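K.L.:
I'd like to ask you about the structure that follows.
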Amino acid sequence: MKSFLLLLACLAIPVAAHHSFAMFEMTKDVTYEGTVVEYRWENPHSHIILKIDGGPNAGTWDVEGGSTAIMGRQGWSRVTFKAGDKATLVGHPMRDGSKGVSLFYAVMPDGKRLYHDIARPTSEGAASAAK
Amino acid sequence: MLFEFFHYLQSTEFATGLRQSDYAFPLIEGSHIMALSLSVGLILLFDLRLLRLAFPGEPVSRVMHQVMKIALPGFTVMFITGLALFFAQPEKAARNRYFQAKMLTLVLLGINALVYQLKFYPKMAEWDSASSVPAGARVIAGISLVFWVLVIAFGRIMAYEL
């Protein structure tokens with residue numbers, strides 16, 4: 001039974017990920033607040049291009065989400081954001097320091113979190129449970 | 001000029017529709033991966049036969065014909081699904097250096113296969129069942145083995161370029 005579950009888990013991983021999360025610092029949660037330049041609802045990964053004026057994170061960031069199917073299950077849709085919207089996104093930055101982020105969740109205007117996938121924070125403020 | 005054309009292609013309704021579909025895209029992507037076993041997987045078996053590392057007792061021509069019966073439809077699936085994946089994001093793919101490396105390696109593999117067809121295939125009957133395969137044919141088999149692995153690796157690494 002145990003080995004069967006392990007086999008199932010192995011089968012599930014490649015289906016869930018177009019590429020692994022190795023290039024992101026998955027234990028680091030950073031909040032990015034800015035204006036949506038482009039909301040690309042598409043496969044294999046959705047992208048939110050976010051422009052931040054001023055502060056330590058000033059610049060244009062490419063925040064990468066999952067496939068439309070994965071994000072759709074968490075409540076995302078093609079109209080969740082549009083260019084010009086203000087957005088608060090929490091994600092894991094690229095290890096190499098470039099302006100890329102793996103989306104963890106978005107904080108919507110009503111305060112609710114819209115998660116990228118099934119990962120949730122392990123406890124308040126702690127590192128997220130990756131995978 | 002070429003990138004401008006790919007940019008236009010990427011913005012067409014067909015490409016956008018492919019990228020935004022919940023089912024078509026993963027089905028095409030999944031088929032492109034699974035058809036590897038029916039195409040490259042079988043070509044590698046033939047390469048191994050030329051190197052006498054698999055089916056050493058079987059005539060080369062027999063292995064070739066058995067393998068090709070499945071590999072040709074397999075490559076057809078690879079080509080169609082690969083083309084569809086490319087058309088979903090032509091500009092992004094064309095600018096990706098690993099995609100460029102993959103295409104270049106595929107061209108070299110095409111030349112490699114062509115050399116086999118022109119130089120070794122016509123005289124295959126002469127060494128078909130012999131215990132040794134011409135050195136040239138073995139070199140071609142070795143190149144094929146290495147390059148196909150490279151093609152798969154490049155295709156996979158492509159996804160890591162944001």
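Note on naming: chains are A, B, ... as they come in the structure tokens, residues start from 1 per chain, ligands start from 1 in the order shown.
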Using only C-alpha atoms and a distance of at most 8 Å, pull out the residues of chain A that contact chain B, as a list in words.
P.N.:
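Close enough to count are His18, His19, Met23, Trp41, Glu42, Asn43, Pro44, Thr68, Ala69 and Gly100 of chain A.
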K.L.:
Would you please extract all helix (DSSP H, G or I) residues from segment 95-159 of chain B, as assigned by DSSP on the backbone, and give them as an NGL selection string?
P.N.:
:B and (95 or 97-120 or 124-127 or 135-159)
K.L.:
Please determine, counting only C-alpha atoms, which residue among B:Phe55, B:Phe79, B:Phe147, B:Phe154 has the shortest atom-to-atom distance to Gln100 of chain B.
P.N.:
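Closest residue, counting only C-alpha atoms: B:Phe154.
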K.L.:
Could you state the separation of atom CA of Leu48 of chain B and atom CA of Val146 of chain B in Å, given to one decimal place?
P.N.:
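Atom-to-atom, atom CA of Leu48 of chain B and atom CA of Val146 of chain B are spaced 11.6 Å apart.
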K.L.:
Atom CA of Lys51 of chain A and atom CA of Glu33 of chain A are how many Å apart?
P.N.:
8.3 Å
K.L.:
Find the spatial neighbours of Arg73 of chain A, counting only C-alpha atoms, within a cut-off of 10 Å - ignore same-chain residues fewer than 6 positions away - and output them as a list in words.
P.N.:
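Here the answer would be Tyr115, His116, Asp117 and Ile118 of chain A.
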K.L.:
For Phe104 of chain A, which of A:Arg40, A:Lys86, A:His92, A:His45 is the closest residue, counting only C-alpha atoms?
P.N.:
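Closest to Phe104 of chain A, using only C-alpha atoms: A:His92.
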K.L.:
Between atom CA of Ile143 of chain B and atom CA of Val77 of chain B, measure the distance and give it in Å to one decimal.
P.N.:
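Atom CA of Ile143 of chain B sits 23.3 Å away from atom CA of Val77 of chain B.
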